[in-house]
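Inspection log for the structure reproduced underneath, given as structure tokens.
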Amino acid sequence: MAPTPAHQLASDADRRSHRDARHDAWFRRLLKGCALLVLATLLGAALSTLWGGREVLFKDGFHFLTSSTWNPVADDYGALAPIYGTLVTSLIALVLAVPVSFGIALFLTEIAPNWLRGPVATAIELLASIPSIIYGMWGLFVFVPFMASIEPTLSDTLGKVPLIGKLFDGPPLGLGLLTAGIVLAVMILPFICAVMREVFQTVPTRLKESSYALGSTTWEVVWDIVLPYTRSAVIGGIFLGLGRALGETMAVTFVLGNAYDLSGSLLMPGTSISSSIANEFNEAVGTHRSALIALGFLLFVVTFIVLLIARLMLRRLSRREGN
């Protein structure tokens, strides 16, 4: 059999090279299109809410952002109370969920025996799969009566502490900012915990064993080795949970009380952006509907600001680690 001429082999190689280059170009365009589709969807949703709320945003403007009045009869709307409720409940959830998530992730990766890690991790994943309306029903029928029974004790004890006493002043209603924040903490805990557990497991075993060999305790290993190694990912997981808390609707709607009031007490009812939209959108018409859509646009803005802060913090940490 005659050998294949060298120029024919070179021609076949050139054709394969051109074909591979053409396929790579198609693949790059496909991936770029997927990325641009996500951006276009996000931008379209933001612009549609801005356009839907133009009647309130462009007409009232600064008054809509600074007023706490919400009177559909007089067509007088203010977004301050929903924004305040959204930020306060999310902050409470973050303050409660982050330490617990850190403790669970640390226990599962450093302390728990192998036979216990699987069941606990599975239970955490099951918490993440529970629908938010189930959390809301549990909060309304189980947790709200419990909070109503302990709020007098909170008022009699923490309510008398200087500086923070006003945060726990109010009637024992059970419904309120504190209750909603605790329910949100239970909801976002599995997400933050899962991220922390996964990133803690990426720390090289040699680094931890070397620290233990030098006489370090478990806490010193975590503080000096594990946390610096995974700091950026841990912060990203925390802000992921915060983003979930900011946009939560049904669970907050059940237990928040839905009162358009600005109160310094965490025991008093309040409202949030998502719960206001869920409660009133079906009956809203005209300016009322425009105000609710404007609240949706403000939720976009608040979430974007939170994510922007997270990105700036992660960039600063990465630069510091690089130095």
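Convention: chains lettered A, B, ... in structure tokens order; per-chain residue numbering from 1; ligands numbered from 1 as shown.
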
For A:Leu246: contacts at 8 Å, only C-alpha atoms, fewer than 6 positions along chain excluded, given as a ChimeraX atom specification: /A:86-87,90,299,303

Serialized selection, N, CA, C and O atoms, as a short mmCIF file (atom, residue, chain, number, x, y, z; two decimals), in the first residue's frame:
```cif
data_model
loop_
_atom_site.label_atom_id
_atom_site.label_comp_id
_atom_site.auth_asym_id
_atom_site.auth_seq_id
_atom_site.Cartn_x
_atom_site.Cartn_y
_atom_site.Cartn_z
N THR A 86 -37.40 45.70 55.72
CA THR A 86 -36.57 44.76 54.97
C THR A 86 -35.15 44.72 55.52
O THR A 86 -34.58 43.64 55.73
N LEU A 87 -34.56 45.88 55.75
CA LEU A 87 -33.18 45.93 56.23
C LEU A 87 -33.05 45.41 57.66
O LEU A 87 -32.11 44.67 57.98
N SER A 90 -33.56 41.53 57.80
CA SER A 90 -32.42 40.86 57.19
C SER A 90 -31.19 40.95 58.08
O SER A 90 -30.41 39.99 58.19
N LEU A 299 -36.37 47.20 45.66
CA LEU A 299 -35.77 45.95 46.12
C LEU A 299 -34.61 45.55 45.22
O LEU A 299 -33.58 45.05 45.70
N THR A 303 -30.85 45.24 46.74
CA THR A 303 -30.09 44.00 46.54
C THR A 303 -28.81 44.26 45.76
O THR A 303 -27.75 43.70 46.07
#
```

Please produce, as a tab-separated table, a per-residue contact table for stretch 131-243 of chain A versus stretch 109-112 of chain A (criterion: any atom at most 10 Å away, only C-alpha atoms considered), showing the nearest atom pair and its distance in Å to one decimal, sorted by chain then residue number.
```
residue	atom	partner	partner_atom	distance
A:Met196	CA	A:Thr109	CA	9.6
A:Arg197	CA	A:Thr109	CA	6.7
A:Glu198	CA	A:Thr109	CA	8.9
A:Val199	CA	A:Thr109	CA	9.9
A:Phe200	CA	A:Thr109	CA	6.8
A:Gln201	CA	A:Thr109	CA	6.5
A:Lys208	CA	A:Glu110	CA	9.9
A:Thr218	CA	A:Glu110	CA	7.8
A:Trp219	CA	A:Glu110	CA	9.8
A:Val221	CA	A:Glu110	CA	9.7
A:Val222	CA	A:Glu110	CA	8.7
```

For A:Thr271, which residue among A:Ala45, A:Val234, A:Ile164, A:Val88 is the nearest when counting only C-alpha atoms? A:Val88

Which residues come within 12 Å of A:Ala74, counting only C-alpha atoms, excluding same-chain residues fewer than 4 positions away, as an NGL selection string? :A and (69-70 or 287-288)

For the structure I just gave you, how does DSSP split stretch 51-268 of chain A - specifically, which residues are alpha helix (DSSP H)? Reply as a PyMOL selection string. chain A and resi 51-52+54-57+62-66+80-106+114-129+132-138+144-157+177-200+205-213+218-221+227-247+250-255

Once you have the residues from the selection above, write them out as a compact mmCIF listing (two decimals), in the first residue's frame, restricted to C-alpha atoms.
```txt
# COMPACT_ATOMS: atom_id res chain seq x y z
CA TRP A 51 -41.23 51.82 34.02
CA GLY A 52 -44.12 50.30 35.94
CA ARG A 54 -42.75 55.68 36.95
CA GLU A 55 -46.03 57.26 38.08
CA VAL A 56 -44.79 57.34 41.66
CA LEU A 57 -41.03 57.49 41.20
CA PHE A 62 -37.75 62.08 47.00
CA HIS A 63 -41.02 62.10 48.96
CA PHE A 64 -41.63 58.45 48.05
CA LEU A 65 -38.21 57.47 49.41
CA THR A 66 -38.39 59.44 52.67
CA LEU A 80 -39.46 54.22 54.04
CA ALA A 81 -41.33 51.75 56.27
CA PRO A 82 -40.98 48.77 53.87
CA ILE A 83 -37.30 49.55 53.28
CA TYR A 84 -36.72 49.84 57.03
CA GLY A 85 -38.48 46.55 57.73
CA THR A 86 -36.57 44.76 54.97
CA LEU A 87 -33.18 45.93 56.23
CA VAL A 88 -33.91 45.34 59.92
CA THR A 89 -35.27 41.80 59.52
CA SER A 90 -32.42 40.86 57.19
CA LEU A 91 -29.86 42.26 59.64
CA ILE A 92 -31.42 40.30 62.52
CA ALA A 93 -31.37 37.14 60.42
CA LEU A 94 -27.72 37.67 59.52
CA VAL A 95 -26.64 38.37 63.11
CA LEU A 96 -28.34 35.18 64.31
CA ALA A 97 -27.56 32.85 61.40
CA VAL A 98 -23.87 33.57 60.80
CA PRO A 99 -22.51 32.45 64.21
CA VAL A 100 -24.72 29.35 64.26
CA SER A 101 -23.74 28.47 60.68
CA PHE A 102 -20.08 28.92 61.52
CA GLY A 103 -20.40 26.67 64.56
CA ILE A 104 -22.22 23.94 62.62
CA ALA A 105 -19.72 24.05 59.74
CA LEU A 106 -16.79 23.96 62.16
CA ASN A 114 -17.52 10.48 60.60
CA TRP A 115 -20.72 8.60 61.45
CA LEU A 116 -22.42 11.85 62.54
CA ARG A 117 -21.34 14.13 59.69
CA GLY A 118 -23.57 12.56 57.08
CA PRO A 119 -26.88 12.74 58.99
CA VAL A 120 -26.29 16.31 60.18
CA ALA A 121 -25.31 17.48 56.68
CA THR A 122 -28.42 15.78 55.25
CA ALA A 123 -30.62 17.50 57.83
CA ILE A 124 -29.17 20.87 56.86
CA GLU A 125 -29.85 20.17 53.19
CA LEU A 126 -33.45 19.24 54.05
CA LEU A 127 -33.89 22.59 55.81
CA ALA A 128 -32.83 24.32 52.60
CA SER A 129 -35.40 22.37 50.57
CA SER A 132 -40.86 29.31 52.34
CA ILE A 133 -44.63 29.10 52.84
CA ILE A 134 -44.07 26.15 55.19
CA TYR A 135 -41.71 28.29 57.24
CA GLY A 136 -44.36 30.99 57.28
CA MET A 137 -47.08 28.63 58.49
CA TRP A 138 -44.78 27.19 61.14
CA VAL A 144 -45.60 33.40 67.08
CA PRO A 145 -47.41 32.01 70.19
CA PHE A 146 -44.03 31.05 71.63
CA MET A 147 -42.68 34.57 71.06
CA ALA A 148 -45.82 36.07 72.61
CA SER A 149 -45.15 34.02 75.74
CA ILE A 150 -41.51 35.10 76.13
CA GLU A 151 -41.76 38.74 75.02
CA PRO A 152 -42.88 39.92 78.50
CA THR A 153 -39.68 38.38 79.87
CA LEU A 154 -37.63 40.11 77.19
CA SER A 155 -39.26 43.43 78.06
CA ASP A 156 -38.66 42.93 81.80
CA THR A 157 -35.00 41.94 81.36
CA LEU A 177 -39.60 42.46 63.40
CA LEU A 178 -37.79 40.16 65.83
CA THR A 179 -40.02 37.19 65.03
CA ALA A 180 -39.60 37.72 61.29
CA GLY A 181 -35.83 38.05 61.71
CA ILE A 182 -35.60 34.77 63.63
CA VAL A 183 -37.68 32.93 61.02
CA LEU A 184 -35.47 34.37 58.29
CA ALA A 185 -32.39 33.25 60.23
CA VAL A 186 -33.70 29.67 60.22
CA MET A 187 -34.30 29.93 56.47
CA ILE A 188 -30.89 31.28 55.46
CA LEU A 189 -28.90 29.19 57.94
CA PRO A 190 -28.65 26.08 55.70
CA PHE A 191 -27.35 28.12 52.75
CA ILE A 192 -24.63 29.87 54.74
CA CYS A 193 -23.73 26.68 56.58
CA ALA A 194 -23.46 24.66 53.36
CA VAL A 195 -21.10 27.21 51.81
CA MET A 196 -18.93 27.39 54.93
CA ARG A 197 -18.77 23.60 55.25
CA GLU A 198 -17.73 23.17 51.62
CA VAL A 199 -14.99 25.81 51.75
CA PHE A 200 -13.69 24.56 55.11
CA THR A 205 -4.98 18.76 55.49
CA ARG A 206 -1.21 19.30 55.67
CA LEU A 207 -1.68 22.89 56.81
CA LYS A 208 -3.96 21.88 59.67
CA GLU A 209 -1.83 18.90 60.67
CA SER A 210 1.27 21.09 60.73
CA SER A 211 -0.48 23.55 63.02
CA TYR A 212 -1.65 20.75 65.32
CA ALA A 213 1.90 19.38 65.39
CA THR A 218 -8.65 23.45 67.44
CA TRP A 219 -9.74 27.06 67.81
CA GLU A 220 -6.24 28.32 66.94
CA VAL A 221 -6.18 26.12 63.84
CA LEU A 227 -10.48 31.25 58.25
CA PRO A 228 -7.61 33.10 56.50
CA TYR A 229 -7.54 30.41 53.82
CA THR A 230 -11.30 30.58 53.15
CA ARG A 231 -12.07 34.18 54.11
CA SER A 232 -13.26 35.36 50.70
CA ALA A 233 -15.53 32.36 50.16
CA VAL A 234 -17.00 32.67 53.66
CA ILE A 235 -17.89 36.32 53.08
CA GLY A 236 -19.42 35.40 49.75
CA GLY A 237 -21.59 32.76 51.44
CA ILE A 238 -22.73 35.26 54.07
CA PHE A 239 -23.82 37.75 51.44
CA LEU A 240 -25.55 34.95 49.54
CA GLY A 241 -27.65 34.33 52.62
CA LEU A 242 -28.27 38.06 53.00
CA GLY A 243 -29.54 38.25 49.44
CA ARG A 244 -31.96 35.41 50.19
CA ALA A 245 -33.18 37.23 53.30
CA LEU A 246 -33.73 40.52 51.47
CA GLY A 247 -36.03 38.97 48.89
CA MET A 250 -44.13 34.42 52.16
CA ALA A 251 -42.44 33.54 55.44
CA VAL A 252 -42.04 37.22 56.33
CA THR A 253 -45.60 38.02 55.31
CA PHE A 254 -47.01 35.51 57.81
CA VAL A 255 -45.12 36.72 60.89
```

Can you list every residue of stretch 113-173 of chain A that has an atom at most 7 Å from stretch 257-269 of chain A, with its nearest atom pair and the distance in Å to one decimal, using only C-alpha atoms, ordered by chain then number, as JSON lines?
```
{"residue": "A:Lys166", "atom": "CA", "partner": "A:Ser265", "partner_atom": "CA", "distance": 5.8}
{"residue": "A:Leu167", "atom": "CA", "partner": "A:Ser265", "partner_atom": "CA", "distance": 4.1}
{"residue": "A:Phe168", "atom": "CA", "partner": "A:Ser265", "partner_atom": "CA", "distance": 5.5}
{"residue": "A:Asp169", "atom": "CA", "partner": "A:Ser265", "partner_atom": "CA", "distance": 5.6}
{"residue": "A:Gly170", "atom": "CA", "partner": "A:Leu267", "partner_atom": "CA", "distance": 5.9}
```

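With distances restricted to only C-alpha atoms, A:Ala79 is the closest residue to A:Leu298 from A:Lys32, A:Ala79, A:Pro131, A:Gly61.
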
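For stretch 33-118 of chain A, backbone-based DSSP labels the following residues as strand (DSSP E): Trp70, Asn71, Asp76 and Tyr77 of chain A.
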
Just N, CA and C atoms for this one: save the residues we selected as a PDB file, in the first residue's frame.
```
ATOM      1  N   TRP A  70     -48.477  55.417  54.154  1.00  0.00           N
ATOM      2  CA  TRP A  70     -48.977  54.505  53.113  1.00  0.00           C
ATOM      3  C   TRP A  70     -50.497  54.533  53.186  1.00  0.00           C
ATOM      4  N   ASN A  71     -51.099  55.378  52.356  1.00  0.00           N
ATOM      5  CA  ASN A  71     -52.540  55.601  52.405  1.00  0.00           C
ATOM      6  C   ASN A  71     -53.114  55.464  50.994  1.00  0.00           C
ATOM      7  N   ASP A  76     -51.371  58.492  48.779  1.00  0.00           N
ATOM      8  CA  ASP A  76     -50.144  59.021  49.381  1.00  0.00           C
ATOM      9  C   ASP A  76     -49.296  57.824  49.816  1.00  0.00           C
ATOM     10  N   TYR A  77     -48.144  57.654  49.167  1.00  0.00           N
ATOM     11  CA  TYR A  77     -47.340  56.455  49.384  1.00  0.00           C
ATOM     12  C   TYR A  77     -45.909  56.832  49.736  1.00  0.00           C
TER      13      TYR A  77
END
```
